[in-house]
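Student: Take a look at this one; I'll ask things after.
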There are 2 protein chains.
Amino acid sequence: MPTQNNYPLDRIFRPSSIAIVGASASASATGWVGRLLKFGYEGDIFPINPKVNKIHGLKAYPSVCDVPSPVEYAILNIPARFTPQVMRDCAAKGVKFVHCYAAGFSEIGTEAGKRLETEIANIAKEGGIRLLGPNCMGIYCPDSGMTFDEDFPKEKGHIAFVSQSGAEASRLVFLCQDINLYFSKVVSYGNATDLDATNFLEYLAQDADTNIIALYIEGVNNGPRFLAAVRKCMEQKPLVILKAGLTENGAAAAISHTASITGSKAVWEAFFKQTGAIPAQTMDEVTDVIQGLAHIKKPQGRRVAIIGRGGGIGVVATDICERAGLAVPPFSIETRQRLLQIIPEAGAGVRNPVEPKIGMEGATEFYLKGLPIVDMDTDTDIILIQMAIDVYGGHTAELMQNVTDSAYALCATADAIKKPMAAVLFTGGHTDTIEAVIAARNILTKAGIAVYSSVEAAARALSKIYNYYCYLDYYA
Amino acid sequence: MPTQNNYPLDRIFRPSSIAIVGASASASATGWVGRLLKFGYEGDIFPINPKVNKIHGLKAYPSVCDVPSPVEYAILNIPARFTPQVMRDCAAKGVKFVHCYAAGFSEIGTEAGKRLETEIANIAKEGGIRLLGPNCMGIYCPDSGMTFDEDFPKEKGHIAFVSQSGAEASRLVFLCQDINLYFSKVVSYGNATDLDATNFLEYLAQDADTNIIALYIEGVNNGPRFLAAVRKCMEQKPLVILKAGLTENGAAAAISHTASITGSKAVWEAFFKQTGAIPAQTMDEVTDVIQGLAHIKKPQGRRVAIIGRGGGIGVVATDICERAGLAVPPFSIETRQRLLQIIPEAGAGVRNPVEPKIGMEGATEFYLKGLPIVDMDTDTDIILIQMAIDVYGGHTAELMQNVTDSAYALCATADAIKKPMAAVLFTGGHTDTIEAVIAARNILTKAGIAVYSSVEAAARALSKIYNYYCYLDYYA
């Protein structure tokens with residue numbers, strides 16, 4: 001059930017009707033009309049195309065003004081030069097929201113492009129229209145059936161993503177789908193002539209369907225209002241920000257992309273310190289942090305227990321964790337003695353990192369018997385489990401079964417473990433084990449266990465999550 | 001054909017006979033004997049086990065002394081406490097090399113363990129035996145059929161890996177196999193009581209079968225001699241080093257692993273500066289650097305052209321490259337004009353990063369027509385191609401075909417491209433495209449094109465490779 005929300009911007013995510021201006025008449029192309037139908041948008045869809053009568057079985061109209069019933073939302077899928085006239089039609093029709101999918105405005109760097117963008121912004125303002133874009137992919141909201149990609153998952157979740165880039169929006173949706181994380185709302189907002197990141201953050205801060213917010217941003221229109229919106233979010237829920245264009249040529253690329261003024265590195269560093277917003281540098285990192293926020297309990301400290309290979313792999317994992325700002329201290333004497341009762345042959349491998357018995361059966365057994373011991377260790381705050389399948393013998397049907405078994409064993413123990421926990425499942429090595437790894441990742445993430453593709457990724461995410469909770473405690 | 005080599009240590013990689021002391025009599029277990037047979041070792045194999053007559057069809061002997069013909073190499077697969085007697089047998093028999101697979105020596109931290117290690121080291125010295133280990137996996141040399149894992153590839157290559165960790169040795173072999181890179185020699189040397197990294201580096205510096213050397217090291221026995229060996233390597237071929245145990249608890253973990261004294265961070269930072277050896281922090285990074293050294297031509301500068309998505313993905317890629325110490329400046333005006341002739345709709349997307357026509361067909365066309373233009377750009381030193389398949393429509397049979405087509409197109413152009421080049425193929429997003437990605441990676445790496453799993457990994461490797469060539473030029 002959708003959560004009703006009286007905030008005005010809520011309607012942009014669940015309009016009662018959508019007109020597609022420039023709806024494709026091609027039978028082979030899906031287009032915006034086919035996409036919304038296929039994805040299950042349940043409001044009225046009005047294809048606008050003066051050359052045909054029907055599109056995907058729906059009656060087509062020459063103009064939005066010809067639609068006999070109200071139009072709440074319009075998508076402009078037409079060349080930029082035609083947008084001012086269509087905007088005027090939308091104003092006349094009383095359209096509330098226009099998503100200008102079309103590009104060719106200020107981002108192309110010409111005076112004509114800038115003039116055209118100012119023109120449609122003015123028409124929107126005068127006509128009482130809230131304008132999304134231009135030069136953007138628009139809205140994805142599985143709850144209302146709105147989407148800009150028919151392959152996006154229909155599952156509803158509690159993550160929101162506000163993105164100045166359409167391609168990065170798609171990327172995050174698919175990266176999260178792989179780990180069974182889904183979205184409440186995604187918006188790609190492009191040039192931000194009217195609606196910008198600030199508007200959406202203000203809305204999402206109070207949106208009951210959203211628990212975690214991610215933001216991809218190149219430039220900000222109104223610094224103080226943006227800062228206030230970020231603070232408001234952080235009071236309610238965690239906010240992860242990928243601030244793009246912080247290097248010299250990155251900034252230049254951002255101008256070409258969305259005509260954004262990206263701001264100096266020093267300003268943004270101060271911004272992250274002041275707001276406590278969680279910084280990320282790549283979409284993979286955004287995904288890693290989101291996953292941690294969704295699945296990992298609040299750590300009481302930065303001391304990590306590493307389970308699942310001693311030896312060189314354990315030494316490297318320790319270095320990686322410590323470099324990321326975590327610590328990997330030895331277990332208490334009591335913990336070591338208890339561990340030696342279940343893995344007597346481990347010797348030094350009960351110090352931390354832990355070396356369970358060799359082989360996947362050893363891992364499975366350790367998850368059931370050893371993890372509860374580590375969970376009680378007084379010198380451990382976080383448990384990180386390396387499921388290092390690539391170095392464990394062979395890549396056979398037996399291995400696949402063992403990986404699956406150990407994933408289920410971890411799930412079976414997880415509920416009883418009180419400390420925050422994450423797993424690492426790297427595919428590296430045998431390509432023929434990827435299928436087993438993906439299956440295991442699926443089992444674990446469905447059970448709410450965070451799974452990372454490398455110790456590096458896990459350590460980086462854990463460190464950021466720990467810092468986030470420290471920030472919360474400090475300001476509590 | 002093996003390259004004949006008169007360096008004494010060469011024989012450890014191609015002994016004429018191997019005795020397995022403590023050969024497993026179990027019919028179900030592969031063991032050392034089965035492993036060598038299965039992998040194709042062509043010398044004599046002598047199982048040593050007083051309890052049985054035959055193992056894997058080979059006559060078993062009660063002791064190495066009972067073997068009727070010479071034994072050049074022995075593997076000690078017995079509990080640590082029995083090793084001194086067996087070492088004495090080996091000395092009596094005239095065995096040249098003993099690989100002590102057994103663990104339970106100085107690395108367990110007891111006085112008894114240390115004494116036992118000193119004892120076998122002394123027997124080796126007095127008996128003229130070179131000792132490998134204890135506590136190590138030994139030798140993998142596809143050319144002679146020696147291995148410690150029967151699943152290792154039989155293909156011969158030109159990379160050598162000297163590793164204090166057996167698990168990391170396995171990991172690198174499998175990571176490289178995925179990108180069609182193979183090894184001349186791999187040695188896991190463990191506690192380094194006799195033969196250590198320095199011995200193997202001295203040998204590999206002059207080994208004609210080896211072009212690239214990687215080293216995983218925790219501690220060094222003799223600093224000045226190690227430094228000299230590294231310098232000797234760097235005069236002949238590139239050397240990548242993962243120095244483990246550089247953090248406080250990483251160092252403690254290394255003591256538990258191989259009883260190594262890891263040394264201070266400051267000393268090792270100075271070491272890397274002085275020698276020009278290429279530092280790496282994870283095995284993934286070692287793999288990335290090796291791949292670059294194997295496939296990427298010498299860059300004349302650090303300016304990167306990014307091909308294969310403009311927009312937000314291009315902005316983030318630019319930031320990543322610049323943060324890694326590379327630069328992503330705009331193309332010359334001439335280059336931009338030439339690119340606009342083949343992608344007129346790209347607009348700002350010909351500045352760098354380049355946005356080819358949308359869809360994989362656009363990518364394929366660009367590789368054939370656009371890359372030669374970028375290759376001639378006077379402001380470009382390195383070409384980085386993002387094959388961003390996850391954001392390109394759908395994940396269907398058609399997509400799989402398009403990914404394959406674009407990989408072949410890139411191969412078809414590659415020979416004509418004069419500048420160093422690398423590709424990024426990230427699987428992120430749809431798990432059902434992984435098969436297509438792996439197939440494309442296989443096509444590309446077989447054709448000698450370096451393929452990275454993220455822009456971050458590519459940028460980090462490219463930067464290190466560029467620095468390596470700068471070092472060579474400086475000291476030339």
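Following the order of the structure tokens, chains are lettered A, B, ..., residues in each are numbered from 1, and ligands are numbered from 1.
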I'd like the contact shell of B:Ile217 - 9 Å cut-off, only C-alpha atoms, skipping same-chain residues fewer than 2 positions apart - returned as a VMD selection string.

Tutor: (chain A and resid 312) or (chain B and resid 162 to 165 197 215 219 to 220 241 to 245 262)

Student: For chain B, which residues have at least one atom within 6 Å of chain A, if we go by only C-alpha atoms? Write them as a count of residues only, please.

Tutor: 22

Student: Which distance in Å separates atom CA of A:Cys90 and atom CA of A:Val71, to one decimal?

Tutor: 8.5 Å

Student: Give me, as a list in words, all polymer residues having an atom no more than 7 Å from A:Asp288, counting only C-alpha atoms and skipping those fewer than 4 positions away in the same chain.

Tutor: Asp284, Gly292, Ala457 and Ala461 of chain A

Student: Which residues, written as a ChimeraX atom specification, have at least one atom at most 9 Å from stretch 199-210 of chain A, with only C-alpha atoms counted and residues fewer than 6 positions away on the same chain left out?

Tutor: /A:2-5,7-10,157-160,162,183-185,187,226,228-230,232-237

Student: For atom CA of B:Tyr474 and atom CA of B:Val451, determine how far apart the two atoms are, in Å to one decimal place.

Tutor: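 Atom-to-atom, atom CA of B:Tyr474 and atom CA of B:Val451 are spaced 28.5 Å apart.
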
Student: If you measure from atom CA of A:Ala121 to atom CA of A:Asn77, what distance in Å do you get, rounded to one decimal?

Tutor: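 Between atom CA of A:Ala121 and atom CA of A:Asn77 the gap is 16.8 Å.
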
Student: Any chance you could list, as a PyMOL selection string, the residues in stretch 131-327 of chain A that come up alpha helix (DSSP H) when DSSP is run on the backbone?

Tutor: chain A and resi 166-177+197-205+223-236+248-258+265-275+283-295+311-323

Student: Got a sec: who's within 9 Å of A:Thr118, counting only C-alpha atoms, leaving out chain neighbours fewer than 5 positions off, as a list in words?

Tutor: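 Skipping anything fewer than 5 positions along the chain leaves Ser106, Gly113, Ile123 and Thr193 of chain A.
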
Student: Go ahead and save the picked residues with C-alpha atoms, as a tab-separated table (two decimals), in the first residue's frame.

Tutor:
```tsv
chain	number	residue	atom	x	y	z
A	106	SER	CA	22.15	25.05	-21.68
A	113	GLY	CA	20.56	26.63	-25.89
A	123	ILE	CA	6.62	29.52	-19.35
A	193	THR	CA	16.19	24.58	-14.30
```

Student: Among stretch 224-445 of chain A, which ones does DSSP place in strand (DSSP E), written as a short mmCIF file (atom, residue, chain, number, x, y, z; two decimals) with C-alpha atoms, in the first residue's frame?

Tutor:
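Dumped to states_9.cif:
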```cif
data_model
loop_
_atom_site.label_atom_id
_atom_site.label_comp_id
_atom_site.auth_asym_id
_atom_site.auth_seq_id
_atom_site.Cartn_x
_atom_site.Cartn_y
_atom_site.Cartn_z
CA LEU A 239 22.22 10.47 3.06
CA VAL A 240 25.03 9.21 0.78
CA ILE A 241 26.38 11.74 -1.73
CA LEU A 242 28.48 11.20 -4.84
CA LYS A 243 29.65 14.71 -5.64
CA ILE A 278 28.35 10.19 3.73
CA PRO A 279 30.70 10.83 0.80
CA ALA A 280 31.23 8.29 -2.01
CA VAL A 304 36.79 -5.95 13.30
CA ALA A 305 36.95 -9.72 13.65
CA ILE A 306 37.98 -11.26 10.32
CA ILE A 307 36.68 -14.79 9.80
CA ILE A 382 32.11 -5.87 13.88
CA ILE A 383 32.31 -9.34 12.27
CA LEU A 384 33.59 -9.58 8.70
CA ILE A 385 33.33 -12.98 7.04
CA GLN A 386 35.54 -13.76 4.04
CA MET A 421 28.14 -8.43 10.46
CA ALA A 422 29.04 -8.41 6.76
CA ALA A 423 30.26 -11.02 4.28
CA VAL A 424 32.77 -10.89 1.43
#
```

Student: Taking only C-alpha atoms into account, name the residue in B:Asp66, B:Asp89, B:Glu285, B:Asp375 that is nearest to B:Ala459.

Tutor: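 For B:Ala459, the nearest of the candidates is B:Glu285.
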
Student: Could you list, as a list in words, every residue within 10 Å of B:Pro372, counting only C-alpha atoms and ignoring same-chain residues fewer than 6 positions away?

Tutor: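 Result of the neighbour search: Phe366, Thr413, Ala414, Ala416, Ile417, Lys418 and Lys419 of chain B.
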
Student: Can you write out the residues you just picked, keeping N, CA and C atoms, as a PDB file, in the first residue's frame?

Tutor:
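What landed in part_29.pdb:
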```pdb
ATOM      1  N   PHE B 366      31.928   3.053 -33.357  1.00  0.00           N
ATOM      2  CA  PHE B 366      32.937   4.001 -32.892  1.00  0.00           C
ATOM      3  C   PHE B 366      34.315   3.357 -32.788  1.00  0.00           C
ATOM      4  N   THR B 413      40.344  -3.221 -34.502  1.00  0.00           N
ATOM      5  CA  THR B 413      40.992  -1.907 -34.568  1.00  0.00           C
ATOM      6  C   THR B 413      42.327  -1.887 -33.825  1.00  0.00           C
ATOM      7  N   ALA B 414      42.422  -2.714 -32.793  1.00  0.00           N
ATOM      8  CA  ALA B 414      43.526  -2.585 -31.824  1.00  0.00           C
ATOM      9  C   ALA B 414      44.907  -2.545 -32.471  1.00  0.00           C
ATOM     10  N   ALA B 416      45.885  -1.428 -35.226  1.00  0.00           N
ATOM     11  CA  ALA B 416      46.197  -0.182 -35.926  1.00  0.00           C
ATOM     12  C   ALA B 416      46.364   0.995 -34.959  1.00  0.00           C
ATOM     13  N   ILE B 417      45.967   0.791 -33.697  1.00  0.00           N
ATOM     14  CA  ILE B 417      46.054   1.888 -32.718  1.00  0.00           C
ATOM     15  C   ILE B 417      47.486   1.957 -32.177  1.00  0.00           C
ATOM     16  N   LYS B 418      48.086   3.127 -32.272  1.00  0.00           N
ATOM     17  CA  LYS B 418      49.484   3.268 -31.863  1.00  0.00           C
ATOM     18  C   LYS B 418      49.627   3.568 -30.382  1.00  0.00           C
ATOM     19  N   LYS B 419      48.614   4.176 -29.807  1.00  0.00           N
ATOM     20  CA  LYS B 419      48.724   4.583 -28.398  1.00  0.00           C
ATOM     21  C   LYS B 419      48.363   3.442 -27.457  1.00  0.00           C
TER      22      LYS B 419
END
```

Student: Compile the contact shell of A:Ala412 as a tab-separated table (two decimals) with N, CA and C atoms, in the first residue's frame: residues with an atom at most 12 Å away, counting only C-alpha atoms, same-chain residues fewer than 4 positions apart removed.

Tutor:
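Result file around28.tsv:
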```tsv
chain	number	residue	atom	x	y	z
A	364	THR	N	31.32	-23.88	6.88
A	364	THR	CA	29.93	-24.10	7.31
A	364	THR	C	29.88	-24.40	8.80
A	365	GLU	N	30.74	-25.31	9.24
A	365	GLU	CA	30.77	-25.66	10.65
A	365	GLU	C	31.11	-24.45	11.52
A	367	TYR	N	30.60	-21.27	10.89
A	367	TYR	CA	29.50	-20.29	10.96
A	367	TYR	C	28.51	-20.70	12.05
A	368	LEU	N	28.31	-22.00	12.17
A	368	LEU	CA	27.33	-22.47	13.17
A	368	LEU	C	27.89	-22.45	14.59
A	369	LYS	N	29.16	-22.88	14.73
A	369	LYS	CA	29.70	-23.03	16.10
A	369	LYS	C	30.65	-21.90	16.51
A	371	LEU	N	30.99	-18.60	15.11
A	371	LEU	CA	30.52	-17.21	15.11
A	371	LEU	C	29.92	-16.79	16.45
A	372	PRO	N	29.12	-17.65	17.09
A	372	PRO	CA	28.60	-17.23	18.41
A	372	PRO	C	29.71	-16.95	19.42
A	405	ASP	N	25.60	-24.38	0.85
A	405	ASP	CA	25.46	-24.83	2.23
A	405	ASP	C	26.01	-23.79	3.21
A	406	SER	N	27.19	-23.24	2.90
A	406	SER	CA	27.79	-22.31	3.84
A	406	SER	C	26.97	-21.01	3.89
A	407	ALA	N	26.39	-20.62	2.76
A	407	ALA	CA	25.52	-19.43	2.76
A	407	ALA	C	24.30	-19.67	3.65
A	408	TYR	N	23.69	-20.84	3.54
A	408	TYR	CA	22.54	-21.16	4.40
A	408	TYR	C	22.95	-21.24	5.87
A	416	ALA	N	20.95	-14.96	15.44
A	416	ALA	CA	21.43	-15.06	16.82
A	416	ALA	C	22.64	-14.18	17.09
A	417	ILE	N	23.26	-13.67	16.02
A	417	ILE	CA	24.47	-12.84	16.19
A	417	ILE	C	24.05	-11.42	16.55
A	443	ILE	N	21.13	-15.75	-1.76
A	443	ILE	CA	20.63	-16.33	-0.50
A	443	ILE	C	20.91	-15.38	0.66
A	444	LEU	N	22.14	-14.87	0.70
A	444	LEU	CA	22.56	-14.03	1.83
A	444	LEU	C	21.85	-12.68	1.83
A	447	ALA	N	18.38	-12.71	2.87
A	447	ALA	CA	18.25	-12.87	4.32
A	447	ALA	C	18.70	-11.62	5.06
A	448	GLY	N	19.03	-10.57	4.33
A	448	GLY	CA	19.40	-9.32	4.98
A	448	GLY	C	20.85	-9.26	5.44
A	449	ILE	N	21.72	-10.08	4.85
A	449	ILE	CA	23.15	-10.03	5.18
A	449	ILE	C	23.87	-9.26	4.07
```
